[in-house]
$ cat data-v7.txt   # compact mmCIF, C-alpha atoms and all ligand atoms
# COMPACT_ATOMS: atom_id res chain seq x y z
CA MET R 14 0.00 0.00 0.00
CA ASP R 15 1.51 3.34 -0.91
CA VAL R 16 1.45 6.45 1.22
CA HIS R 17 -1.11 8.16 -0.95
CA ASP R 18 -3.65 5.37 -0.50
CA ARG R 19 -3.19 5.39 3.21
CA LYS R 20 -3.62 9.15 3.39
CA THR R 21 -6.71 9.11 1.23
CA ARG R 22 -8.26 6.41 3.32
CA SER R 23 -7.63 8.03 6.66
CA PHE R 24 -9.04 11.25 5.24
CA ASN R 25 -12.22 9.43 4.24
CA MET R 26 -12.44 7.76 7.62
CA SER R 27 -12.10 11.02 9.47
CA ARG R 28 -14.87 12.50 7.35
CA ILE R 29 -17.17 9.66 8.31
CA ARG R 30 -16.33 9.88 11.98
CA GLY R 31 -16.52 13.64 12.14
CA SER R 32 -13.55 15.82 12.81
CA GLY R 33 -12.13 16.95 16.08
CA THR R 34 -11.19 14.98 19.16
CA LYS R 35 -12.01 11.32 19.14
CA PRO R 36 -15.10 10.47 21.20
CA GLU R 37 -13.13 7.97 23.34
CA ALA R 38 -10.63 10.67 24.24
CA ARG R 39 -13.45 12.98 25.34
CA VAL R 40 -14.98 10.25 27.50
CA ASN R 41 -11.55 9.53 28.95
CA ASP R 42 -11.07 13.19 29.93
CA VAL R 43 -14.45 13.46 31.64
CA CYS R 44 -13.89 10.19 33.55
CA VAL R 45 -10.56 11.48 34.80
CA LYS R 46 -12.17 14.75 35.84
CA LEU R 47 -14.92 12.92 37.72
CA LYS R 48 -12.25 10.73 39.35
CA TYR R 49 -13.72 7.44 38.20
CA SER R 50 -11.36 4.51 38.20
CA PHE R 51 -11.47 2.74 34.90
CA VAL R 52 -9.60 0.52 32.47
CA ARG R 53 -9.43 1.23 28.74
CA ASN R 54 -9.86 -1.36 25.97
CA LYS R 55 -10.01 -4.35 28.26
CA SER R 56 -8.99 -7.08 25.86
CA ASP R 57 -9.80 -10.07 28.09
CA LEU R 58 -13.51 -9.25 27.96
CA PRO R 59 -15.93 -9.93 25.08
CA GLY R 60 -15.96 -7.08 22.62
CA LYS R 61 -12.96 -5.40 24.30
CA PRO R 62 -15.06 -2.69 25.98
CA ASP R 63 -13.75 0.85 25.48
CA PHE R 64 -14.10 1.52 29.21
CA VAL R 65 -14.56 -0.81 32.15
CA PHE R 66 -15.35 0.48 35.63
CA PRO R 67 -14.29 -2.45 37.81
CA ARG R 68 -15.86 -1.19 41.06
CA LYS R 69 -19.23 -0.82 39.38
CA LYS R 70 -18.77 -3.92 37.26
CA THR R 71 -19.82 -1.81 34.33
CA ALA R 72 -18.66 -1.98 30.74
CA LEU R 73 -19.05 1.05 28.52
CA PHE R 74 -18.82 1.19 24.76
CA VAL R 75 -18.38 4.42 22.88
CA HIS R 76 -20.07 3.87 19.56
CA GLY R 77 -19.74 5.85 16.37
CA CYS R 78 -23.25 6.85 15.29
CA PHE R 79 -22.76 5.82 11.68
CA TRP R 80 -21.06 2.47 12.18
CA HIS R 81 -23.44 1.30 14.87
CA SER R 82 -26.59 2.78 13.29
CA HIS R 83 -27.68 5.13 16.05
CA SER R 84 -31.22 6.53 15.78
CA CYS R 85 -29.81 10.07 15.40
CA LEU R 86 -29.33 11.87 12.09
CA ALA R 87 -25.71 10.80 11.60
CA GLY R 88 -26.60 7.20 12.41
CA GLN R 89 -29.45 7.00 9.94
CA LYS R 90 -27.42 8.34 7.05
CA LYS R 91 -27.62 6.06 4.03
CA PRO R 92 -24.54 6.08 1.85
CA VAL R 93 -25.48 6.39 -1.82
CA GLN R 94 -22.45 4.55 -3.10
CA ASN R 95 -21.96 0.86 -2.28
CA SER R 96 -25.16 0.98 -0.28
CA GLU R 97 -25.52 -2.81 -0.17
CA PHE R 98 -21.99 -3.16 1.17
CA TRP R 99 -22.57 -0.61 3.92
CA LYS R 100 -25.95 -2.04 4.82
CA LYS R 101 -24.45 -5.51 5.33
CA LYS R 102 -21.49 -4.14 7.21
CA ARG R 103 -23.64 -2.14 9.59
CA GLU R 104 -26.07 -5.00 10.14
CA ALA R 105 -23.15 -7.24 11.03
CA THR R 106 -21.93 -4.61 13.49
CA ILE R 107 -25.32 -4.45 15.20
CA GLU R 108 -25.43 -8.24 15.52
CA ARG R 109 -21.92 -8.35 16.93
CA ASP R 110 -22.75 -5.60 19.43
CA ALA R 111 -25.77 -7.54 20.68
CA ARG R 112 -23.79 -10.77 20.97
CA GLN R 113 -20.96 -9.14 22.89
CA GLN R 114 -23.39 -7.37 25.20
CA ALA R 115 -25.08 -10.68 26.04
CA GLN R 116 -21.70 -12.28 26.74
CA LEU R 117 -20.72 -9.47 29.07
CA GLU R 118 -24.04 -9.62 30.89
CA ALA R 119 -23.55 -13.35 31.32
CA LEU R 120 -20.30 -12.49 33.12
CA GLY R 121 -22.23 -10.20 35.46
CA TYR R 122 -21.41 -6.88 33.82
CA LYS R 123 -23.79 -4.02 33.33
CA VAL R 124 -23.37 -2.84 29.77
CA HIS R 125 -23.89 0.72 28.55
CA VAL R 126 -23.42 2.51 25.28
CA LEU R 127 -22.44 6.11 24.85
CA TRP R 128 -23.09 7.45 21.39
CA GLU R 129 -20.63 9.64 19.59
CA CYS R 130 -23.24 12.43 19.40
CA GLU R 131 -23.58 12.35 23.20
CA THR R 132 -19.88 13.07 23.65
CA LYS R 133 -19.79 16.43 21.90
CA SER R 134 -20.52 18.51 24.99
CA ALA R 135 -18.47 17.85 28.11
CA ASP R 136 -21.42 18.78 30.34
CA THR R 137 -23.85 16.39 28.69
CA LEU R 138 -21.20 13.72 28.78
CA ALA R 139 -20.58 14.20 32.49
CA GLU R 140 -24.31 13.93 33.18
CA ARG R 141 -24.59 10.74 31.13
CA LEU R 142 -21.63 9.19 32.91
CA LYS R 143 -23.02 10.05 36.35
CA GLN R 144 -26.30 8.50 35.30
CA ILE R 145 -24.63 5.33 34.04
CA LEU R 146 -22.37 4.89 37.06
CA ARG R 147 -24.90 5.71 39.72
CA VAL R 148 -24.90 2.83 42.15
CA ARG R 149 -28.23 1.05 42.13
CA ARG R 150 -29.14 -0.94 45.20
ZN ZN R 201 -25.94 9.58 17.40

$ encode --input "data-v7.txt" --output "C-alpha cells" --more "lines below"
Ligand SMILES: [Zn+2]
Amino acid sequence: MDVHDRKTRSFNMSRIRGSGTKPEARVNDVCVKLKYSFVRNKSDLPGKPDFVFPRKKTALFVHGCFWHSHSCLAGQKKPVQNSEFWKKKREATIERDARQQAQLEALGYKVHVLWECETKSADTLAERLKQILRVRR
C-alpha cells in the first residue's frame, strides 16, 4: 500500500467519523475529571469494551453513530455509493454488538453505550456518565 492510498483512506475515515477529538478521548477526559477509576480497551472481555469500571462492574462502549446505526441523524445516514456493502457491514456490526453485550451480561457486567453524538458537549457527557455509574441498590 503506498502512502497516498493510506492518506486518502484516513481522510475518508475522518470525514465519516466527524472531525475533532475522538469520542473515546473525550470520555476519557471526563472520567478522569470525575475521578472514576477505569480501564481502557479491556482485551480479556468480550468485545474489548472501550471503558470498564471495575468497582461498578460496568462496561461502557463508545459507539460511532454511523457504524453502529444510532437513531440520530448521523446514524441513519444512508450512503449512496456501495449501499448494499454498507448495509451488510452495519447490520453485522449491530449483531456483533448484541452478541458481545449478552456475553458481558452473562459475566455479570452491566453494559452501557455512549453514542458519539452524546460526547460532543463535556457537560452532557458528564451527566450521562453520572447516570450510568450511579450505584443502584
Ligand atoms: Zn448519534

$ closest_residue --input "data-v7.txt" --among "R:Pro67, R:Gly121, R:Pro36, R:Gly60" --to "ligand ZN 201 (chain R)" --atoms "only C-alpha atoms and all ligand atoms"
R:Pro36

$ residues_around --input "data-v7.txt" --residues "stretch 101-105 of chain R" --least-positions-apart "5" --cutoff "8 Å" --atoms "only C-alpha atoms" --output "list in words"
Trp80, His81 and Ser82 of chain R

$ closest_residue --input "data-v7.txt" --among "R:Ala38, R:Ala111, R:Leu127, R:Val93" --to "R:Glu140" --atoms "only C-alpha atoms"
R:Leu127

$ closest_atom_pairs --input "data-v7.txt" --of "chain R" --to "ligand ZN 201 (chain R)" --cutoff "8 Å" --atoms "only C-alpha atoms and all ligand atoms" --output "Markdown table"
| residue | atom | partner | partner_atom | distance |
| --- | --- | --- | --- | --- |
| R:Gly77 | CA | R:ZN201 | ZN | 7.3 |
| R:Cys78 | CA | R:ZN201 | ZN | 4.4 |
| R:Phe79 | CA | R:ZN201 | ZN | 7.5 |
| R:Ser82 | CA | R:ZN201 | ZN | 8.0 |
| R:His83 | CA | R:ZN201 | ZN | 5.0 |
| R:Ser84 | CA | R:ZN201 | ZN | 6.3 |
| R:Cys85 | CA | R:ZN201 | ZN | 4.4 |
| R:Leu86 | CA | R:ZN201 | ZN | 6.7 |
| R:Ala87 | CA | R:ZN201 | ZN | 5.9 |
| R:Gly88 | CA | R:ZN201 | ZN | 5.6 |
| R:Trp128 | CA | R:ZN201 | ZN | 5.3 |
| R:Glu129 | CA | R:ZN201 | ZN | 5.7 |
| R:Cys130 | CA | R:ZN201 | ZN | 4.4 |
| R:Glu131 | CA | R:ZN201 | ZN | 6.8 |

$ residues_around --input "data-v7.txt" --residues "R:Lys46" --least-positions-apart "2" --cutoff "12 Å" --atoms "all atoms listed in the file" --output "VMD selection string"
chain R and resid 39 to 44 48 to 50 135 to 136 138 to 139 142 to 143

$ write_last_selection --input "data-v7.txt" --atoms "C-alpha atoms" --output "PDB file, keeping the file's coordinate frame"
ATOM      1  CA  ARG R  39     -13.450  12.980  25.340  1.00  0.00           C
ATOM      2  CA  VAL R  40     -14.980  10.250  27.500  1.00  0.00           C
ATOM      3  CA  ASN R  41     -11.550   9.530  28.950  1.00  0.00           C
ATOM      4  CA  ASP R  42     -11.070  13.190  29.930  1.00  0.00           C
ATOM      5  CA  VAL R  43     -14.450  13.460  31.640  1.00  0.00           C
ATOM      6  CA  CYS R  44     -13.890  10.190  33.550  1.00  0.00           C
ATOM      7  CA  LYS R  48     -12.250  10.730  39.350  1.00  0.00           C
ATOM      8  CA  TYR R  49     -13.720   7.440  38.200  1.00  0.00           C
ATOM      9  CA  SER R  50     -11.360   4.510  38.200  1.00  0.00           C
ATOM     10  CA  ALA R 135     -18.470  17.850  28.110  1.00  0.00           C
ATOM     11  CA  ASP R 136     -21.420  18.780  30.340  1.00  0.00           C
ATOM     12  CA  LEU R 138     -21.200  13.720  28.780  1.00  0.00           C
ATOM     13  CA  ALA R 139     -20.580  14.200  32.490  1.00  0.00           C
ATOM     14  CA  LEU R 142     -21.630   9.190  32.910  1.00  0.00           C
ATOM     15  CA  LYS R 143     -23.020  10.050  36.350  1.00  0.00           C
TER      16      LYS R 143
END

$ atom_distance --input "data-v7.txt" --atom1 "atom CA of R:Leu73" --atom2 "atom CA of R:Val52"
10.3 Å

$ closest_residue --input "data-v7.txt" --among "R:Lys69, R:His76, R:Lys90, R:Arg147" --to "R:Thr106" --atoms "all atoms listed in the file"
R:His76

$ closest_residue --input "data-v7.txt" --among "R:Gln94, R:Thr137, R:Gln144, R:Gln89" --to "R:His125" --atoms "only C-alpha atoms"
R:Gln144

$ residues_around --input "data-v7.txt" --residues "R:Gln116" --least-positions-apart "5" --cutoff "12 Å" --atoms "only C-alpha atoms" --output "JSON, numbers by chain"
{"R": [58, 59, 60, 61, 62, 72, 109, 110, 111, 121, 122, 123, 124]}

$ atom_distance --input "data-v7.txt" --atom1 "atom CA of R:Leu146" --atom2 "atom CA of R:Phe64"
11.9 Å

$ atom_distance --input "data-v7.txt" --atom1 "atom CA of R:Gln113" --atom2 "atom CA of R:Phe66"
16.9 Å

$ closest_residue --input "data-v7.txt" --among "R:Arg141, R:Thr132, R:Lys91, R:Val126" --to "R:Thr71" --atoms "all atoms listed in the file"
R:Val126

$ closest_residue --input "data-v7.txt" --among "R:Arg112, R:Leu117, R:Phe98, R:Lys133" --to "R:Val65" --atoms "only C-alpha atoms"
R:Leu117
